[in-house]
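Heads up: the structure comes next, in structure tokens.
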Amino acid sequence: MADDRLGIGALIRQLEGEFPDVSISKVRYLEAEGLVTPARTPSGYRKYSTDDVARLRFVLAAQRDRFWPLKVIRERLDAMDRGLDVSDDGEVAPPAPGGATTDGRLDAPRHRPLRLTAIELQHAADIDTGTFRELVSYGLLPKQRTHFDEADLEVTRACGALVDAGLDVRHLRPFKSAAEREVGLAEHVLGRRALRGSGANADGVDDQTVRQQVLEDCLDLHVALVRRGLGDPD
């Protein structure tokens with residue numbers, strides 16, 4: 001397979017049209033500062049990936065257009081490495097619900113999976129520290145977690161909305177128990193398929209598709225029962 005990574009000379013030629021002042025020494029300085037970490041060949045030559053090029057473009061544009069010091073640039077790169085959005089004025093925020101993009105975002109390296117600190121999670125879900133601690137205490141969020149992912153953010157936002165509606169966090173624990181039972185049902189279905197040796201059926205439906213469908217059916221049943229209990233015809 002062809003190696004599409006760039007040597008440092010090719011990298012400079014690709015960047016110098018947009019950044020005339022870029023040089024080999026400048027790129028090596030940014031590498032020494034930990035802002036980009038290219039791979040090395042067995043003989044020690046630097047090889048820059050597409051993502052390395054995007055990082056360098058971000059750094060050079062932030063220096064030229066925003067006059068950001070390296071400390072600020074490093075912090076923003078760290079945020080993007082953890083899946084957060086960085087706007088052109090330097091504001092950092094988690095991606096909007098539903099996968100919407102943030103307007104005004106700088107041309108930046110591709111996002112990684114979301115990893116939020118506890119404080120960032122609280123801000124993103126608009127909950128206070130007391131509510132966060134209760135969510136951890138009642139098992140709705142994982143304990144002793146340094147960073148929280150997209151699924152944790154979705155759970156926290158949903159819990160926060162119910163708390164705002166007047167529910168105590170302790171009343172939300174049954175939702176987790178119900179979800180665990182529903183996941184167990186999906187795993188049970190997959191276990192039975194495995195015993196029959198049916199990794200994919202005649203229609204080519206694989207285990208992941210079956211798991212997703214069972215979980216969706218469980219959610220549909222859950223919603224239907226709650227609506228019936230509340231007397232909601234919709």
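As shown in the structure tokens, the chain order sets the letters A, B, ...; within each chain, residues go from 1, and ligands are also counted from 1 in the order they appear.
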
Identify, on the basis of only C-alpha atoms, every residue whose closest approach to stretch 220-229 of chain A does not exceed 12 Å; exclude the query and any residue fewer than 6 positions from it along the same chain; express the result as a PyMOL selection string.
chain A and resi 175+178-179+181-182+213-214

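Counting only C-alpha atoms, stretch 2-19 of chain A has the following residues at most 6 Å away, ignoring those fewer than 5 positions along the same chain: Arg46, Lys47, Tyr48 and Ser49 of chain A.
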
Taking the DSSP assignment computed from this structure's backbone, write out as an mmCIF file with N, CA, C and O atoms, in the first residue's frame all residues of stretch 55-192 of chain A that belong to alpha helix (DSSP H).
```cif
data_model
loop_
_atom_site.group_PDB
_atom_site.id
_atom_site.type_symbol
_atom_site.label_atom_id
_atom_site.label_comp_id
_atom_site.auth_asym_id
_atom_site.auth_seq_id
_atom_site.Cartn_x
_atom_site.Cartn_y
_atom_site.Cartn_z
ATOM 1 N N ARG A 55 -3.156 19.862 11.725
ATOM 2 C CA ARG A 55 -2.728 20.469 12.986
ATOM 3 C C ARG A 55 -1.800 21.654 12.737
ATOM 4 O O ARG A 55 -1.930 22.712 13.372
ATOM 5 N N LEU A 56 -0.860 21.483 11.820
ATOM 6 C CA LEU A 56 0.062 22.568 11.521
ATOM 7 C C LEU A 56 -0.676 23.761 10.920
ATOM 8 O O LEU A 56 -0.380 24.924 11.257
ATOM 9 N N ARG A 57 -1.630 23.510 10.052
ATOM 10 C CA ARG A 57 -2.423 24.615 9.484
ATOM 11 C C ARG A 57 -3.151 25.362 10.595
ATOM 12 O O ARG A 57 -3.235 26.590 10.594
ATOM 13 N N PHE A 58 -3.716 24.603 11.532
ATOM 14 C CA PHE A 58 -4.434 25.213 12.644
ATOM 15 C C PHE A 58 -3.485 26.095 13.463
ATOM 16 O O PHE A 58 -3.804 27.238 13.808
ATOM 17 N N VAL A 59 -2.306 25.566 13.784
ATOM 18 C CA VAL A 59 -1.336 26.307 14.595
ATOM 19 C C VAL A 59 -0.882 27.570 13.873
ATOM 20 O O VAL A 59 -0.871 28.674 14.451
ATOM 21 N N LEU A 60 -0.516 27.432 12.615
ATOM 22 C CA LEU A 60 -0.003 28.578 11.859
ATOM 23 C C LEU A 60 -1.073 29.645 11.667
ATOM 24 O O LEU A 60 -0.788 30.852 11.766
ATOM 25 N N ALA A 61 -2.320 29.212 11.408
ATOM 26 C CA ALA A 61 -3.410 30.176 11.244
ATOM 27 C C ALA A 61 -3.720 30.871 12.565
ATOM 28 O O ALA A 61 -3.999 32.079 12.604
ATOM 29 N N LEU A 70 1.522 30.120 22.184
ATOM 30 C CA LEU A 70 1.577 28.653 22.071
ATOM 31 C C LEU A 70 0.799 27.966 23.191
ATOM 32 O O LEU A 70 0.213 26.897 22.975
ATOM 33 N N LYS A 71 0.780 28.559 24.382
ATOM 34 C CA LYS A 71 0.040 27.958 25.483
ATOM 35 C C LYS A 71 -1.440 27.832 25.144
ATOM 36 O O LYS A 71 -2.076 26.785 25.386
ATOM 37 N N VAL A 72 -2.021 28.878 24.573
ATOM 38 C CA VAL A 72 -3.440 28.851 24.195
ATOM 39 C C VAL A 72 -3.659 27.854 23.065
ATOM 40 O O VAL A 72 -4.626 27.083 23.078
ATOM 41 N N ILE A 73 -2.782 27.845 22.093
ATOM 42 C CA ILE A 73 -2.915 26.907 20.971
ATOM 43 C C ILE A 73 -2.849 25.471 21.478
ATOM 44 O O ILE A 73 -3.631 24.605 21.061
ATOM 45 N N ARG A 74 -1.920 25.221 22.391
ATOM 46 C CA ARG A 74 -1.786 23.869 22.949
ATOM 47 C C ARG A 74 -3.066 23.446 23.662
ATOM 48 O O ARG A 74 -3.527 22.304 23.526
ATOM 49 N N GLU A 75 -3.656 24.350 24.414
ATOM 50 C CA GLU A 75 -4.907 24.052 25.124
ATOM 51 C C GLU A 75 -6.038 23.757 24.136
ATOM 52 O O GLU A 75 -6.852 22.848 24.357
ATOM 53 N N ARG A 76 -6.099 24.532 23.040
ATOM 54 C CA ARG A 76 -7.168 24.318 22.059
ATOM 55 C C ARG A 76 -6.966 23.004 21.304
ATOM 56 O O ARG A 76 -7.929 22.289 21.004
ATOM 57 N N LEU A 77 -5.739 22.667 21.006
ATOM 58 C CA LEU A 77 -5.472 21.377 20.358
ATOM 59 C C LEU A 77 -5.843 20.225 21.278
ATOM 60 O O LEU A 77 -6.411 19.215 20.836
ATOM 61 N N ASP A 78 -5.531 20.365 22.554
ATOM 62 C CA ASP A 78 -5.918 19.337 23.514
ATOM 63 C C ASP A 78 -7.434 19.175 23.547
ATOM 64 O O ASP A 78 -7.948 18.049 23.599
ATOM 65 N N ALA A 79 -8.154 20.300 23.509
ATOM 66 C CA ALA A 79 -9.617 20.240 23.504
ATOM 67 C C ALA A 79 -10.121 19.499 22.271
ATOM 68 O O ALA A 79 -11.019 18.647 22.365
ATOM 69 N N MET A 80 -9.565 19.809 21.106
ATOM 70 C CA MET A 80 -9.996 19.138 19.882
ATOM 71 C C MET A 80 -9.622 17.658 19.890
ATOM 72 O O MET A 80 -10.360 16.820 19.380
ATOM 73 N N ASP A 81 -8.472 17.345 20.491
ATOM 74 C CA ASP A 81 -8.081 15.945 20.613
ATOM 75 C C ASP A 81 -9.062 15.166 21.479
ATOM 76 O O ASP A 81 -9.156 13.942 21.378
ATOM 77 N N ALA A 118 -14.901 16.264 34.354
ATOM 78 C CA ALA A 118 -16.127 16.374 35.148
ATOM 79 C C ALA A 118 -16.715 17.785 35.054
ATOM 80 O O ALA A 118 -17.939 17.954 34.898
ATOM 81 N N ILE A 119 -15.868 18.802 35.125
ATOM 82 C CA ILE A 119 -16.349 20.190 35.034
ATOM 83 C C ILE A 119 -16.932 20.463 33.655
ATOM 84 O O ILE A 119 -17.998 21.084 33.521
ATOM 85 N N GLU A 120 -16.268 19.998 32.602
ATOM 86 C CA GLU A 120 -16.770 20.201 31.238
ATOM 87 C C GLU A 120 -18.102 19.488 31.048
ATOM 88 O O GLU A 120 -19.004 20.011 30.381
ATOM 89 N N LEU A 121 -18.232 18.301 31.618
ATOM 90 C CA LEU A 121 -19.498 17.566 31.517
ATOM 91 C C LEU A 121 -20.624 18.347 32.187
ATOM 92 O O LEU A 121 -21.736 18.455 31.637
ATOM 93 N N GLN A 122 -20.356 18.888 33.366
ATOM 94 C CA GLN A 122 -21.387 19.664 34.062
ATOM 95 C C GLN A 122 -21.805 20.882 33.253
ATOM 96 O O GLN A 122 -23.006 21.188 33.147
ATOM 97 N N HIS A 123 -20.834 21.588 32.672
ATOM 98 C CA HIS A 123 -21.167 22.759 31.865
ATOM 99 C C HIS A 123 -21.946 22.367 30.615
ATOM 100 O O HIS A 123 -22.920 23.036 30.244
ATOM 101 N N ALA A 124 -21.517 21.279 29.956
ATOM 102 C CA ALA A 124 -22.182 20.861 28.714
ATOM 103 C C ALA A 124 -23.619 20.428 28.953
ATOM 104 O O ALA A 124 -24.496 20.661 28.112
ATOM 105 N N ALA A 125 -23.868 19.783 30.105
ATOM 106 C CA ALA A 125 -25.214 19.298 30.411
ATOM 107 C C ALA A 125 -26.022 20.298 31.233
ATOM 108 O O ALA A 125 -27.186 20.044 31.524
ATOM 109 N N THR A 129 -22.771 20.950 40.458
ATOM 110 C CA THR A 129 -21.867 19.941 41.007
ATOM 111 C C THR A 129 -22.606 18.965 41.918
ATOM 112 O O THR A 129 -22.316 17.762 41.930
ATOM 113 N N GLY A 130 -23.578 19.472 42.673
ATOM 114 C CA GLY A 130 -24.351 18.586 43.543
ATOM 115 C C GLY A 130 -25.092 17.521 42.761
ATOM 116 O O GLY A 130 -25.103 16.337 43.142
ATOM 117 N N THR A 131 -25.732 17.918 41.663
ATOM 118 C CA THR A 131 -26.437 16.950 40.822
ATOM 119 C C THR A 131 -25.457 15.953 40.211
ATOM 120 O O THR A 131 -25.728 14.742 40.159
ATOM 121 N N PHE A 132 -24.314 16.447 39.747
ATOM 122 C CA PHE A 132 -23.292 15.559 39.193
ATOM 123 C C PHE A 132 -22.879 14.507 40.211
ATOM 124 O O PHE A 132 -22.804 13.308 39.896
ATOM 125 N N ARG A 133 -22.615 14.914 41.427
ATOM 126 C CA ARG A 133 -22.182 13.967 42.452
ATOM 127 C C ARG A 133 -23.262 12.936 42.756
ATOM 128 O O ARG A 133 -22.968 11.757 42.989
ATOM 129 N N GLU A 134 -24.522 13.371 42.746
ATOM 130 C CA GLU A 134 -25.615 12.421 42.970
ATOM 131 C C GLU A 134 -25.723 11.426 41.815
ATOM 132 O O GLU A 134 -25.985 10.239 42.040
ATOM 133 N N LEU A 135 -25.527 11.893 40.586
ATOM 134 C CA LEU A 135 -25.581 10.984 39.444
ATOM 135 C C LEU A 135 -24.506 9.909 39.562
ATOM 136 O O LEU A 135 -24.734 8.738 39.226
ATOM 137 N N VAL A 136 -23.327 10.302 40.026
ATOM 138 C CA VAL A 136 -22.261 9.321 40.241
ATOM 139 C C VAL A 136 -22.625 8.397 41.390
ATOM 140 O O VAL A 136 -22.470 7.170 41.313
ATOM 141 N N SER A 137 -23.147 8.962 42.480
ATOM 142 C CA SER A 137 -23.469 8.184 43.674
ATOM 143 C C SER A 137 -24.529 7.123 43.387
ATOM 144 O O SER A 137 -24.446 5.995 43.895
ATOM 145 N N GLU A 150 -19.285 10.520 24.951
ATOM 146 C CA GLU A 150 -20.532 11.019 24.366
ATOM 147 C C GLU A 150 -21.754 10.388 25.014
ATOM 148 O O GLU A 150 -22.754 11.065 25.264
ATOM 149 N N ALA A 151 -21.683 9.084 25.305
ATOM 150 C CA ALA A 151 -22.812 8.413 25.946
ATOM 151 C C ALA A 151 -23.058 8.980 27.341
ATOM 152 O O ALA A 151 -24.220 9.178 27.748
ATOM 153 N N ASP A 152 -21.991 9.245 28.083
ATOM 154 C CA ASP A 152 -22.144 9.857 29.410
ATOM 155 C C ASP A 152 -22.794 11.234 29.302
ATOM 156 O O ASP A 152 -23.632 11.603 30.143
ATOM 157 N N LEU A 153 -22.421 12.004 28.280
ATOM 158 C CA LEU A 153 -23.007 13.324 28.091
ATOM 159 C C LEU A 153 -24.501 13.222 27.782
ATOM 160 O O LEU A 153 -25.310 13.991 28.322
ATOM 161 N N GLU A 154 -24.892 12.274 26.949
ATOM 162 C CA GLU A 154 -26.315 12.088 26.641
ATOM 163 C C GLU A 154 -27.102 11.725 27.889
ATOM 164 O O GLU A 154 -28.201 12.245 28.125
ATOM 165 N N VAL A 155 -26.558 10.810 28.696
ATOM 166 C CA VAL A 155 -27.226 10.418 29.944
ATOM 167 C C VAL A 155 -27.352 11.624 30.867
ATOM 168 O O VAL A 155 -28.412 11.873 31.458
ATOM 169 N N THR A 156 -26.289 12.403 30.992
ATOM 170 C CA THR A 156 -26.295 13.549 31.910
ATOM 171 C C THR A 156 -27.292 14.606 31.461
ATOM 172 O O THR A 156 -28.010 15.194 32.288
ATOM 173 N N ARG A 157 -27.345 14.861 30.160
ATOM 174 C CA ARG A 157 -28.320 15.843 29.660
ATOM 175 C C ARG A 157 -29.755 15.382 29.940
ATOM 176 O O ARG A 157 -30.607 16.179 30.357
ATOM 177 N N ALA A 158 -30.024 14.089 29.710
ATOM 178 C CA ALA A 158 -31.371 13.571 29.950
ATOM 179 C C ALA A 158 -31.715 13.637 31.437
ATOM 180 O O ALA A 158 -32.824 14.039 31.808
ATOM 181 N N CYS A 159 -30.765 13.263 32.288
ATOM 182 C CA CYS A 159 -31.002 13.335 33.728
ATOM 183 C C CYS A 159 -31.214 14.778 34.170
ATOM 184 O O CYS A 159 -32.101 15.072 34.987
ATOM 185 N N GLY A 160 -30.411 15.686 33.628
ATOM 186 C CA GLY A 160 -30.558 17.089 33.988
ATOM 187 C C GLY A 160 -31.934 17.632 33.634
ATOM 188 O O GLY A 160 -32.517 18.413 34.403
ATOM 189 N N ALA A 161 -32.453 17.226 32.488
ATOM 190 C CA ALA A 161 -33.787 17.680 32.084
ATOM 191 C C ALA A 161 -34.856 17.171 33.048
ATOM 192 O O ALA A 161 -35.792 17.911 33.407
ATOM 193 N N LEU A 162 -34.720 15.923 33.500
ATOM 194 C CA LEU A 162 -35.703 15.372 34.436
ATOM 195 C C LEU A 162 -35.575 16.005 35.812
ATOM 196 O O LEU A 162 -36.582 16.219 36.501
ATOM 197 N N VAL A 163 -34.356 16.316 36.227
ATOM 198 C CA VAL A 163 -34.159 17.016 37.497
ATOM 199 C C VAL A 163 -34.789 18.408 37.425
ATOM 200 O O VAL A 163 -35.460 18.854 38.368
ATOM 201 N N ASP A 164 -34.598 19.091 36.285
ATOM 202 C CA ASP A 164 -35.215 20.411 36.112
ATOM 203 C C ASP A 164 -36.739 20.317 36.149
ATOM 204 O O ASP A 164 -37.418 21.276 36.553
ATOM 205 N N ARG A 173 -32.765 6.256 39.371
ATOM 206 C CA ARG A 173 -32.064 4.973 39.413
ATOM 207 C C ARG A 173 -32.835 3.857 38.714
ATOM 208 O O ARG A 173 -32.221 3.025 38.023
ATOM 209 N N PRO A 174 -34.186 3.775 38.817
ATOM 210 C CA PRO A 174 -34.910 2.710 38.102
ATOM 211 C C PRO A 174 -34.736 2.757 36.581
ATOM 212 O O PRO A 174 -34.846 1.724 35.917
ATOM 213 N N PHE A 175 -34.466 3.953 36.025
ATOM 214 C CA PHE A 175 -34.240 4.028 34.588
ATOM 215 C C PHE A 175 -33.002 3.223 34.208
ATOM 216 O O PHE A 175 -32.993 2.531 33.187
ATOM 217 N N LYS A 176 -31.954 3.320 35.037
ATOM 218 C CA LYS A 176 -30.738 2.557 34.760
ATOM 219 C C LYS A 176 -31.003 1.058 34.881
ATOM 220 O O LYS A 176 -30.544 0.271 34.050
ATOM 221 N N SER A 177 -31.746 0.666 35.905
ATOM 222 C CA SER A 177 -32.059 -0.751 36.078
ATOM 223 C C SER A 177 -32.857 -1.287 34.898
ATOM 224 O O SER A 177 -32.592 -2.392 34.401
ATOM 225 N N ALA A 178 -33.827 -0.487 34.431
ATOM 226 C CA ALA A 178 -34.628 -0.917 33.284
ATOM 227 C C ALA A 178 -33.768 -1.038 32.032
ATOM 228 O O ALA A 178 -33.898 -1.986 31.248
ATOM 229 N N ALA A 179 -32.854 -0.068 31.828
ATOM 230 C CA ALA A 179 -31.974 -0.113 30.660
ATOM 231 C C ALA A 179 -31.078 -1.344 30.704
ATOM 232 O O ALA A 179 -30.852 -2.005 29.677
ATOM 233 N N GLU A 180 -30.570 -1.674 31.891
ATOM 234 C CA GLU A 180 -29.713 -2.862 32.014
ATOM 235 C C GLU A 180 -30.482 -4.133 31.686
ATOM 236 O O GLU A 180 -29.944 -5.054 31.055
ATOM 237 N N ARG A 181 -31.760 -4.190 32.092
ATOM 238 C CA ARG A 181 -32.576 -5.368 31.753
ATOM 239 C C ARG A 181 -32.804 -5.451 30.251
ATOM 240 O O ARG A 181 -32.777 -6.549 29.659
ATOM 241 N N GLU A 182 -33.031 -4.302 29.610
ATOM 242 C CA GLU A 182 -33.262 -4.299 28.168
ATOM 243 C C GLU A 182 -32.009 -4.716 27.406
ATOM 244 O O GLU A 182 -32.078 -5.467 26.422
ATOM 245 N N VAL A 183 -30.844 -4.238 27.870
ATOM 246 C CA VAL A 183 -29.588 -4.675 27.256
ATOM 247 C C VAL A 183 -29.409 -6.168 27.452
ATOM 248 O O VAL A 183 -28.961 -6.882 26.548
ATOM 249 N N GLY A 184 -29.774 -6.658 28.635
ATOM 250 C CA GLY A 184 -29.686 -8.096 28.895
ATOM 251 C C GLY A 184 -30.550 -8.903 27.941
ATOM 252 O O GLY A 184 -30.153 -9.988 27.496
ATOM 253 N N LEU A 185 -31.738 -8.385 27.622
ATOM 254 C CA LEU A 185 -32.601 -9.073 26.667
ATOM 255 C C LEU A 185 -31.948 -9.142 25.290
ATOM 256 O O LEU A 185 -32.002 -10.179 24.614
ATOM 257 N N ALA A 186 -31.337 -8.035 24.876
ATOM 258 C CA ALA A 186 -30.665 -8.026 23.574
ATOM 259 C C ALA A 186 -29.521 -9.037 23.561
ATOM 260 O O ALA A 186 -29.341 -9.782 22.586
ATOM 261 N N GLU A 187 -28.749 -9.098 24.642
ATOM 262 C CA GLU A 187 -27.660 -10.063 24.711
ATOM 263 C C GLU A 187 -28.188 -11.491 24.735
ATOM 264 O O GLU A 187 -27.559 -12.406 24.195
ATOM 265 N N HIS A 188 -29.345 -11.684 25.369
ATOM 266 C CA HIS A 188 -29.962 -13.012 25.378
ATOM 267 C C HIS A 188 -30.321 -13.460 23.971
ATOM 268 O O HIS A 188 -30.085 -14.611 23.587
ATOM 269 N N VAL A 189 -30.882 -12.534 23.188
ATOM 270 C CA VAL A 189 -31.214 -12.864 21.800
ATOM 271 C C VAL A 189 -29.955 -13.233 21.027
ATOM 272 O O VAL A 189 -29.927 -14.216 20.282
ATOM 273 N N LEU A 190 -28.911 -12.482 21.210
ATOM 274 C CA LEU A 190 -27.664 -12.765 20.506
ATOM 275 C C LEU A 190 -27.064 -14.091 20.961
ATOM 276 O O LEU A 190 -26.485 -14.826 20.159
ATOM 277 N N GLY A 191 -27.203 -14.385 22.254
ATOM 278 C CA GLY A 191 -26.703 -15.662 22.747
ATOM 279 C C GLY A 191 -27.415 -16.833 22.111
ATOM 280 O O GLY A 191 -26.800 -17.847 21.749
ATOM 281 N N ARG A 192 -28.718 -16.707 21.936
ATOM 282 C CA ARG A 192 -29.487 -17.785 21.287
ATOM 283 C C ARG A 192 -29.080 -17.925 19.821
ATOM 284 O O ARG A 192 -28.988 -19.033 19.297
#
```

Which residue, A:Val53, A:Val210, A:Leu141, A:Ala39, has the smallest gap to A:Val27 when you use only C-alpha atoms?
A:Val53

All strand (DSSP E or B) positions in stretch 57-168 of chain A, as an NGL selection string
:A and (85-87 or 92-93 or 105 or 116 or 148)

Choose the residue, out of A:Leu215, A:Ala54, A:Leu114, A:Arg28, that has the smallest atom-to-atom separation from A:Asp149; count only C-alpha atoms.
A:Leu114

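Nearest to A:Ser87 of all the residues A:Thr146, A:Arg66, A:Ser43, A:Glu216 is A:Arg66, based on only C-alpha atoms.
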
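Across the structure, atom CA of A:Gly83 and atom CA of A:Phe148 are spaced 11.0 Å apart.
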
For the atom pair atom CA of A:Arg170 and atom CA of A:Leu219, what is the interatomic distance in Å to one decimal place?
21.7 Å
